[in-house]
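Data from final_22.cif: mmCIF, C-alpha atoms, pLDDT in the B column; chains and numbers go by the auth columns
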data_data
loop_
_atom_site.group_PDB
_atom_site.id
_atom_site.type_symbol
_atom_site.label_atom_id
_atom_site.label_comp_id
_atom_site.label_asym_id
_atom_site.label_seq_id
_atom_site.Cartn_x
_atom_site.Cartn_y
_atom_site.Cartn_z
_atom_site.B_iso_or_equiv
_atom_site.auth_seq_id
_atom_site.auth_asym_id
ATOM 1 C CA MET A 1 21.529 29.412 -3.591 82.00 29 A
ATOM 2 C CA GLY A 2 18.090 27.915 -3.940 94.00 30 A
ATOM 3 C CA THR A 3 15.802 25.840 -1.751 96.00 31 A
ATOM 4 C CA LEU A 4 13.969 22.624 -2.566 97.00 32 A
ATOM 5 C CA SER A 5 10.948 22.125 -0.306 98.00 33 A
ATOM 6 C CA ILE A 6 9.367 18.671 -0.141 98.00 34 A
ATOM 7 C CA VAL A 7 5.827 19.489 0.942 98.00 35 A
ATOM 8 C CA ALA A 8 3.293 17.020 2.345 98.00 36 A
ATOM 9 C CA THR A 9 -0.278 17.639 1.188 98.00 37 A
ATOM 10 C CA PRO A 10 -3.663 16.307 2.402 98.00 38 A
ATOM 11 C CA ILE A 11 -4.567 12.683 1.716 96.00 39 A
ATOM 12 C CA GLY A 12 -8.234 13.582 1.382 94.00 40 A
ATOM 13 C CA ASN A 13 -9.631 16.376 3.524 96.00 41 A
ATOM 14 C CA LEU A 14 -8.206 19.655 2.199 97.00 42 A
ATOM 15 C CA GLU A 15 -8.155 21.095 5.723 97.00 43 A
ATOM 16 C CA ASP A 16 -5.313 18.717 6.606 98.00 44 A
ATOM 17 C CA ILE A 17 -2.619 21.131 5.478 98.00 45 A
ATOM 18 C CA THR A 18 -0.166 22.796 7.856 98.00 46 A
ATOM 19 C CA LEU A 19 0.293 26.533 8.202 98.00 47 A
ATOM 20 C CA ARG A 20 3.947 26.105 7.259 98.00 48 A
ATOM 21 C CA ALA A 21 2.999 24.197 4.106 98.00 49 A
ATOM 22 C CA LEU A 22 0.593 26.960 3.057 98.00 50 A
ATOM 23 C CA ARG A 23 3.238 29.617 3.663 98.00 51 A
ATOM 24 C CA THR A 24 5.781 27.644 1.658 98.00 52 A
ATOM 25 C CA LEU A 25 3.381 27.236 -1.260 98.00 53 A
ATOM 26 C CA LYS A 26 2.678 30.983 -1.201 98.00 54 A
ATOM 27 C CA GLU A 27 6.345 32.002 -1.032 98.00 55 A
ATOM 28 C CA CYS A 28 7.935 29.609 -3.547 98.00 56 A
ATOM 29 C CA ASP A 29 8.807 30.489 -7.135 98.00 57 A
ATOM 30 C CA VAL A 30 7.469 27.334 -8.792 98.00 58 A
ATOM 31 C CA ILE A 31 5.635 24.144 -7.829 98.00 59 A
ATOM 32 C CA TYR A 32 6.427 20.759 -9.368 98.00 60 A
ATOM 33 C CA ALA A 33 3.597 18.298 -8.868 98.00 61 A
ATOM 34 C CA GLU A 34 2.928 14.643 -9.592 97.00 62 A
ATOM 35 C CA ASP A 35 -0.334 15.790 -11.186 97.00 63 A
ATOM 36 C CA THR A 36 -0.916 19.507 -11.688 97.00 64 A
ATOM 37 C CA ARG A 37 -4.690 18.962 -11.773 97.00 65 A
ATOM 38 C CA VAL A 38 -4.659 17.533 -8.251 96.00 66 A
ATOM 39 C CA ILE A 39 -2.557 20.282 -6.684 98.00 67 A
ATOM 40 C CA SER A 40 -4.623 22.911 -8.516 98.00 68 A
ATOM 41 C CA LYS A 41 -7.652 21.987 -6.383 97.00 69 A
ATOM 42 C CA LEU A 42 -5.680 22.562 -3.184 98.00 70 A
ATOM 43 C CA LEU A 43 -4.196 25.824 -4.450 98.00 71 A
ATOM 44 C CA ALA A 44 -7.631 27.079 -5.503 98.00 72 A
ATOM 45 C CA ARG A 45 -9.037 26.231 -2.069 97.00 73 A
ATOM 46 C CA TYR A 46 -6.459 28.515 -0.447 98.00 74 A
ATOM 47 C CA GLU A 47 -6.309 31.110 -3.250 98.00 75 A
ATOM 48 C CA ILE A 48 -2.679 30.432 -4.132 98.00 76 A
ATOM 49 C CA LYS A 49 -1.467 31.132 -7.660 98.00 77 A
ATOM 50 C CA LYS A 50 1.952 29.809 -8.669 98.00 78 A
ATOM 51 C CA PRO A 51 3.569 28.449 -11.851 98.00 79 A
ATOM 52 C CA LEU A 52 2.987 24.683 -12.058 98.00 80 A
ATOM 53 C CA GLN A 53 5.126 21.993 -13.683 98.00 81 A
ATOM 54 C CA ARG A 54 4.435 18.270 -13.847 97.00 82 A
ATOM 55 C CA LEU A 55 6.923 15.821 -12.340 97.00 83 A
ATOM 56 C CA ASP A 56 5.699 12.256 -12.039 95.00 84 A
ATOM 57 C CA ALA A 57 7.442 8.888 -11.869 92.00 85 A
ATOM 58 C CA ALA A 58 7.955 8.873 -15.651 94.00 86 A
ATOM 59 C CA THR A 59 9.467 12.364 -15.834 94.00 87 A
ATOM 60 C CA GLU A 60 11.344 12.538 -12.529 92.00 88 A
ATOM 61 C CA ASN A 61 14.797 11.986 -14.026 89.00 89 A
ATOM 62 C CA LYS A 62 14.143 14.312 -16.952 91.00 90 A
ATOM 63 C CA LYS A 63 12.810 17.197 -14.840 95.00 91 A
ATOM 64 C CA THR A 64 15.598 16.953 -12.254 95.00 92 A
ATOM 65 C CA LYS A 65 18.079 18.771 -14.517 93.00 93 A
ATOM 66 C CA GLU A 66 15.582 21.590 -14.967 96.00 94 A
ATOM 67 C CA ILE A 67 15.055 21.848 -11.216 97.00 95 A
ATOM 68 C CA LEU A 68 18.818 21.885 -10.563 95.00 96 A
ATOM 69 C CA GLU A 69 19.155 24.837 -12.923 95.00 97 A
ATOM 70 C CA ARG A 70 16.444 26.684 -11.029 96.00 98 A
ATOM 71 C CA LEU A 71 18.087 25.927 -7.683 95.00 99 A
ATOM 72 C CA GLU A 72 21.487 27.099 -8.918 92.00 100 A
ATOM 73 C CA ALA A 73 19.794 30.339 -9.957 94.00 101 A
ATOM 74 C CA GLY A 74 18.597 30.819 -6.385 94.00 102 A
ATOM 75 C CA LYS A 75 14.979 29.862 -6.904 97.00 103 A
ATOM 76 C CA HIS A 76 12.682 28.326 -4.304 98.00 104 A
ATOM 77 C CA VAL A 77 11.228 25.093 -5.747 98.00 105 A
ATOM 78 C CA VAL A 78 8.419 23.062 -4.172 98.00 106 A
ATOM 79 C CA PHE A 79 7.641 19.437 -4.956 98.00 107 A
ATOM 80 C CA VAL A 80 4.342 17.783 -4.034 98.00 108 A
ATOM 81 C CA SER A 81 2.906 14.374 -4.833 97.00 109 A
ATOM 82 C CA ASP A 82 -0.795 13.726 -5.377 96.00 110 A
ATOM 83 C CA ALA A 83 -1.445 13.166 -1.680 95.00 111 A
ATOM 84 C CA GLY A 84 0.506 12.737 1.529 96.00 112 A
ATOM 85 C CA THR A 85 4.259 12.858 1.902 97.00 113 A
ATOM 86 C CA PRO A 86 6.371 12.724 -1.291 97.00 114 A
ATOM 87 C CA GLY A 87 8.817 9.847 -1.571 95.00 115 A
ATOM 88 C CA ILE A 88 6.662 7.452 0.468 94.00 116 A
ATOM 89 C CA SER A 89 5.435 5.123 -2.301 92.00 117 A
ATOM 90 C CA ASP A 90 5.302 8.284 -4.413 93.00 118 A
ATOM 91 C CA PRO A 91 7.731 10.173 -6.653 94.00 119 A
ATOM 92 C CA GLY A 92 10.320 12.403 -5.035 95.00 120 A
ATOM 93 C CA ALA A 93 13.125 10.165 -3.786 95.00 121 A
ATOM 94 C CA ARG A 94 15.099 10.240 -7.037 95.00 122 A
ATOM 95 C CA LEU A 95 14.786 14.017 -7.243 96.00 123 A
ATOM 96 C CA VAL A 96 16.050 14.521 -3.690 96.00 124 A
ATOM 97 C CA ARG A 97 18.911 12.059 -4.196 95.00 125 A
ATOM 98 C CA ALA A 98 20.010 13.821 -7.379 94.00 126 A
ATOM 99 C CA VAL A 99 19.963 17.246 -5.720 94.00 127 A
ATOM 100 C CA ARG A 100 21.961 15.910 -2.756 91.00 128 A
ATOM 101 C CA GLU A 101 24.526 14.289 -5.038 90.00 129 A
ATOM 102 C CA HIS A 102 24.783 17.482 -7.083 86.00 130 A
ATOM 103 C CA SER A 103 25.364 19.529 -3.940 79.00 131 A
ATOM 104 C CA HIS A 104 28.036 17.055 -2.793 70.00 132 A
ATOM 105 C CA ILE A 105 29.902 17.184 -6.114 60.00 133 A
ATOM 106 C CA LEU A 106 29.813 20.981 -6.210 55.00 134 A
ATOM 107 C CA LYS A 107 31.040 21.575 -2.671 56.00 135 A
ATOM 108 C CA ASN A 108 29.606 24.619 -0.894 52.00 136 A
ATOM 109 C CA VAL A 109 26.985 25.000 -3.606 63.00 137 A
ATOM 110 C CA GLY A 110 24.549 26.095 -0.903 80.00 138 A
ATOM 111 C CA ILE A 111 21.362 24.345 -2.066 91.00 139 A
ATOM 112 C CA THR A 112 18.975 23.682 0.822 94.00 140 A
ATOM 113 C CA ILE A 113 16.601 20.707 0.923 96.00 141 A
ATOM 114 C CA GLU A 114 13.858 21.001 3.524 97.00 142 A
ATOM 115 C CA ALA A 115 11.008 18.754 4.613 98.00 143 A
ATOM 116 C CA ILE A 116 7.623 20.353 5.207 98.00 144 A
ATOM 117 C CA PRO A 117 5.945 17.478 7.081 98.00 145 A
ATOM 118 C CA GLY A 118 2.268 16.709 7.181 97.00 146 A
ATOM 119 C CA ALA A 119 -0.258 14.065 6.237 96.00 147 A
ATOM 120 C CA SER A 120 0.699 10.446 5.529 96.00 148 A
ATOM 121 C CA ALA A 121 -1.734 7.579 4.981 96.00 149 A
ATOM 122 C CA LEU A 122 0.783 5.235 6.612 96.00 150 A
ATOM 123 C CA THR A 123 0.869 6.971 9.994 96.00 151 A
ATOM 124 C CA ALA A 124 -2.797 7.999 9.871 97.00 152 A
ATOM 125 C CA ALA A 125 -3.881 4.370 9.483 97.00 153 A
ATOM 126 C CA LEU A 126 -1.603 3.119 12.256 97.00 154 A
ATOM 127 C CA SER A 127 -2.892 5.787 14.641 96.00 155 A
ATOM 128 C CA ILE A 128 -6.476 4.466 14.491 96.00 156 A
ATOM 129 C CA ALA A 129 -5.868 0.749 13.857 96.00 157 A
ATOM 130 C CA GLY A 130 -5.356 -0.199 17.486 94.00 158 A
ATOM 131 C CA VAL A 131 -2.276 -2.295 16.801 94.00 159 A
ATOM 132 C CA ASP A 132 1.082 -2.152 18.548 94.00 160 A
ATOM 133 C CA SER A 133 3.182 -0.041 16.186 93.00 161 A
ATOM 134 C CA THR A 134 6.324 0.117 18.318 95.00 162 A
ATOM 135 C CA GLU A 135 7.852 -1.801 15.417 96.00 163 A
ATOM 136 C CA PHE A 136 6.449 -2.371 11.942 97.00 164 A
ATOM 137 C CA THR A 137 7.525 -3.054 8.380 97.00 165 A
ATOM 138 C CA PHE A 138 6.293 -0.956 5.466 97.00 166 A
ATOM 139 C CA PHE A 139 6.025 -2.707 2.109 95.00 167 A
ATOM 140 C CA GLY A 140 4.416 0.071 0.066 95.00 168 A
ATOM 141 C CA PHE A 141 2.658 -1.366 -2.995 94.00 169 A
ATOM 142 C CA LEU A 142 3.400 -5.043 -3.584 94.00 170 A
ATOM 143 C CA PRO A 143 4.799 -6.092 -6.973 92.00 171 A
ATOM 144 C CA HIS A 144 2.027 -6.978 -9.408 88.00 172 A
ATOM 145 C CA LYS A 145 3.775 -10.095 -10.701 88.00 173 A
ATOM 146 C CA LYS A 146 7.449 -10.900 -10.146 91.00 174 A
ATOM 147 C CA GLY A 147 8.318 -11.048 -6.466 92.00 175 A
ATOM 148 C CA ARG A 148 4.730 -10.882 -5.247 93.00 176 A
ATOM 149 C CA GLN A 149 4.597 -14.397 -3.799 93.00 177 A
ATOM 150 C CA THR A 150 7.920 -13.890 -2.047 94.00 178 A
ATOM 151 C CA ALA A 151 6.594 -10.685 -0.478 95.00 179 A
ATOM 152 C CA LEU A 152 3.408 -12.430 0.652 95.00 180 A
ATOM 153 C CA LYS A 153 5.412 -15.165 2.368 94.00 181 A
ATOM 154 C CA LYS A 154 7.482 -12.536 4.198 94.00 182 A
ATOM 155 C CA ILE A 155 4.294 -10.833 5.335 95.00 183 A
ATOM 156 C CA ALA A 156 2.800 -14.097 6.577 94.00 184 A
ATOM 157 C CA THR A 157 5.885 -14.958 8.653 94.00 185 A
ATOM 158 C CA SER A 158 6.592 -11.494 10.017 95.00 186 A
ATOM 159 C CA GLU A 159 6.652 -11.193 13.804 94.00 187 A
ATOM 160 C CA ILE A 160 5.801 -7.475 13.673 96.00 188 A
ATOM 161 C CA PRO A 161 2.928 -5.667 11.920 96.00 189 A
ATOM 162 C CA VAL A 162 3.288 -5.224 8.174 97.00 190 A
ATOM 163 C CA VAL A 163 1.755 -2.178 6.488 98.00 191 A
ATOM 164 C CA LEU A 164 1.169 -1.930 2.766 97.00 192 A
ATOM 165 C CA TYR A 165 -0.853 0.042 0.249 97.00 193 A
ATOM 166 C CA GLU A 166 -3.301 -1.447 -2.216 95.00 194 A
ATOM 167 C CA SER A 167 -5.542 -0.132 -4.976 92.00 195 A
ATOM 168 C CA PRO A 168 -9.281 -0.861 -5.294 91.00 196 A
ATOM 169 C CA HIS A 169 -8.544 -2.937 -8.408 89.00 197 A
ATOM 170 C CA ARG A 170 -6.477 -5.457 -6.449 91.00 198 A
ATOM 171 C CA ILE A 171 -7.765 -5.398 -2.862 94.00 199 A
ATOM 172 C CA LEU A 172 -9.988 -8.489 -3.283 94.00 200 A
ATOM 173 C CA ARG A 173 -7.119 -10.360 -4.923 94.00 201 A
ATOM 174 C CA LEU A 174 -4.834 -9.409 -2.025 96.00 202 A
ATOM 175 C CA LEU A 175 -7.309 -10.674 0.575 96.00 203 A
ATOM 176 C CA LYS A 176 -7.579 -13.993 -1.267 95.00 204 A
ATOM 177 C CA GLU A 177 -3.783 -14.250 -1.316 95.00 205 A
ATOM 178 C CA LEU A 178 -3.507 -13.437 2.403 95.00 206 A
ATOM 179 C CA GLU A 179 -6.096 -16.131 3.051 94.00 207 A
ATOM 180 C CA THR A 180 -3.979 -18.617 1.102 93.00 208 A
ATOM 181 C CA VAL A 181 -0.790 -17.874 3.073 93.00 209 A
ATOM 182 C CA GLU A 182 -2.758 -18.275 6.314 88.00 210 A
ATOM 183 C CA VAL A 183 -2.601 -14.767 7.699 92.00 211 A
ATOM 184 C CA SER A 184 -4.759 -14.579 10.835 90.00 212 A
ATOM 185 C CA ARG A 185 -5.712 -10.902 11.164 95.00 213 A
ATOM 186 C CA VAL A 186 -5.908 -7.900 8.876 97.00 214 A
ATOM 187 C CA THR A 187 -6.956 -4.292 9.430 98.00 215 A
ATOM 188 C CA ILE A 188 -7.944 -2.201 6.436 97.00 216 A
ATOM 189 C CA ALA A 189 -8.251 1.596 6.480 97.00 217 A
ATOM 190 C CA ARG A 190 -10.069 2.998 3.467 94.00 218 A
ATOM 191 C CA GLU A 191 -10.748 6.546 2.276 94.00 219 A
ATOM 192 C CA LEU A 192 -8.903 8.067 5.247 96.00 220 A
ATOM 193 C CA THR A 193 -9.975 11.632 6.171 96.00 221 A
ATOM 194 C CA LYS A 194 -12.766 11.521 3.580 93.00 222 A
ATOM 195 C CA VAL A 195 -16.544 11.340 3.997 91.00 223 A
ATOM 196 C CA HIS A 196 -16.672 7.560 3.621 90.00 224 A
ATOM 197 C CA GLU A 197 -13.690 6.750 5.849 94.00 225 A
ATOM 198 C CA GLU A 198 -13.818 3.155 7.035 94.00 226 A
ATOM 199 C CA VAL A 199 -11.610 0.964 9.236 96.00 227 A
ATOM 200 C CA VAL A 200 -12.425 -2.749 9.437 96.00 228 A
ATOM 201 C CA SER A 201 -10.582 -5.668 11.033 96.00 229 A
ATOM 202 C CA GLY A 202 -10.875 -9.431 10.845 97.00 230 A
ATOM 203 C CA THR A 203 -9.531 -12.498 9.120 97.00 231 A
ATOM 204 C CA PRO A 204 -8.844 -12.295 5.384 96.00 232 A
ATOM 205 C CA SER A 205 -11.994 -14.404 4.823 96.00 233 A
ATOM 206 C CA GLU A 206 -14.152 -12.042 6.887 97.00 234 A
ATOM 207 C CA LEU A 207 -12.861 -8.963 5.100 96.00 235 A
ATOM 208 C CA LEU A 208 -13.222 -10.648 1.729 95.00 236 A
ATOM 209 C CA ALA A 209 -16.869 -11.350 2.542 95.00 237 A
ATOM 210 C CA HIS A 210 -17.350 -7.766 3.743 93.00 238 A
ATOM 211 C CA PHE A 211 -15.998 -6.087 0.630 92.00 239 A
ATOM 212 C CA SER A 212 -17.529 -8.651 -1.735 89.00 240 A
ATOM 213 C CA SER A 213 -20.982 -7.974 -0.261 88.00 241 A
ATOM 214 C CA HIS A 214 -20.449 -4.201 -0.383 81.00 242 A
ATOM 215 C CA PRO A 215 -18.952 -3.607 -3.861 78.00 243 A
ATOM 216 C CA ASP A 216 -19.652 0.128 -3.566 78.00 244 A
ATOM 217 C CA THR A 217 -16.958 0.297 -0.862 75.00 245 A
ATOM 218 C CA VAL A 218 -14.215 -1.087 -3.102 82.00 246 A
ATOM 219 C CA ARG A 219 -12.958 2.319 -4.079 81.00 247 A
ATOM 220 C CA GLY A 220 -10.332 4.810 -2.977 81.00 248 A
ATOM 221 C CA GLU A 221 -6.934 3.991 -1.540 87.00 249 A
ATOM 222 C CA PHE A 222 -6.470 1.149 0.945 95.00 250 A
ATOM 223 C CA VAL A 223 -3.962 0.879 3.774 98.00 251 A
ATOM 224 C CA VAL A 224 -3.614 -2.746 4.830 98.00 252 A
ATOM 225 C CA ILE A 225 -2.127 -3.705 8.203 98.00 253 A
ATOM 226 C CA VAL A 226 -1.317 -7.386 8.710 97.00 254 A
ATOM 227 C CA THR A 227 -0.789 -8.607 12.274 93.00 255 A
ATOM 228 C CA SER A 228 -0.362 -12.365 11.941 72.00 256 A
#
For this file, write the structure as structure tokens.
Amino acid sequence: MGTLSIVATPIGNLEDITLRALRTLKECDVIYAEDTRVISKLLARYEIKKPLQRLDAATENKKTKEILERLEAGKHVVFVSDAGTPGISDPGARLVRAVREHSHILKNVGITIEAIPGASALTAALSIAGVDSTEFTFFGFLPHKKGRQTALKKIATSEIPVVLYESPHRILRLLKELETVEVSRVTIARELTKVHEEVVSGTPSELLAHFSSHPDTVRGEFVVIVTS
């Protein structure tokens, strides 16, 4: 039967794509992407032309049935998120779970699910942060409202590094909150692998002052590592 390939794509620099990922994109029958406009730039860079379908967080459940039909017909389906590894604070987990459950119900159905590993903002940030990452907790994106304060308290009392993602619209708010819960040290990695890549460390107050005085740097995706 068919194959579902979960393919990691660059988080910024388009050269950060593996040879296996490029081969998979060239050989597949169809690509499902969180945003077809984003993957189109990567495909154009490497002169790959394939049918594209959108599958984002809002359409993941709906498109899963369509993908199952393709897999049962023996097709090779690729899924990519906007950047990095699908399923890590990105769509993909529900799709994979549904395909696995479907394969379990229809015993010996023969559908293969494969990981095509590659870039991840999580591991990239840890590799250049200079913190002990023998153990760490990953929070992804914090809740905007309900449960946010509870999460912040867990972060403040954690005995191991805590890694989370934040958007440019909320990074200053997060630093103020970390200051309030008395976190002692934070490392922020911004625009990883891009021209304006930046990694800064300090207390929440120091980082708040840094980004407040350089508003042009409050853009892109932020990886925040808390080591209280």
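Distances to A:Thr215 were evaluated for A:Ser195, A:Thr255, A:Gln177, A:Thr64 using all atoms listed in the file, and the minimum falls at A:Thr255.
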Atom CA of A:Ile34 and atom CA of A:Ala143 are how many Å apart? 5.0 Å
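Proximity of A:Ser117, A:Thr140, A:Thr46, A:Ser109 to A:Gly30, computed with all atoms listed in the file, is greatest for A:Thr140.
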Restricting to only C-alpha atoms, whichever of A:Leu192, A:Val246, A:Ala153, A:Val227 is closest to A:Ala179 is A:Leu192
Starting from the shown file, work through the PyMOL selection byres ((chain A and resi 146-152) around 10) and note down what comes out as number ranges by chain. A: 35-40, 44-46, 48-49, 111-114, 116, 143-145, 153-157, 161, 166, 168, 191-193, 217-221, 249-253
Calculate how many Å separate atom CA of A:Gly230 from atom CA of A:Arg213, rounding to one decimal. 5.4 Å
Decode the PyMOL selection byres ((chain A and resi 67) around 9) for the given file into explicit residues and return them as a ChimeraX atom specification. /A:37,61-66,68-72,80,108-111
For A:Ser256, find every residue with an atom within 8 Å (counting only C-alpha atoms), except residues of its own chain fewer than 4 positions away, and show them as a ChimeraX atom specification. /A:184-187,189,211-214
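Among the candidates A:Val159, A:Ile76, A:Ile95, A:Val209, the one nearest to A:Ile183 when counting all atoms listed in the file is A:Val209.
Distances from A:Arg176, A:Arg198, A:His104, A:Arg122 to A:Asp84 were compared using all atoms listed in the file, and the smallest one belongs to A:Arg122.
Computed from the coordinates, the atom CA of A:Phe239 to atom CA of A:Lys181 distance equals 23.3 Å.
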Could you pull the residues within 8 Å of A:Ile188, counting all atoms listed in the file, minus those fewer than 6 positions along the same chain, as a ChimeraX atom specification? /A:163-165,255
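If all atoms listed in the file are the atoms counted, then among A:Leu235, A:Val105, A:Val190, A:Glu75 the closest residue to A:Glu55 is A:Val105.
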Give me the residues within 12 Å of A:Lys103 as a VMD selection string, counting only C-alpha atoms and dropping any in the same chain fewer than 2 places off. chain A and resid 29 to 33 55 to 59 94 to 101 105 to 106 138 to 140
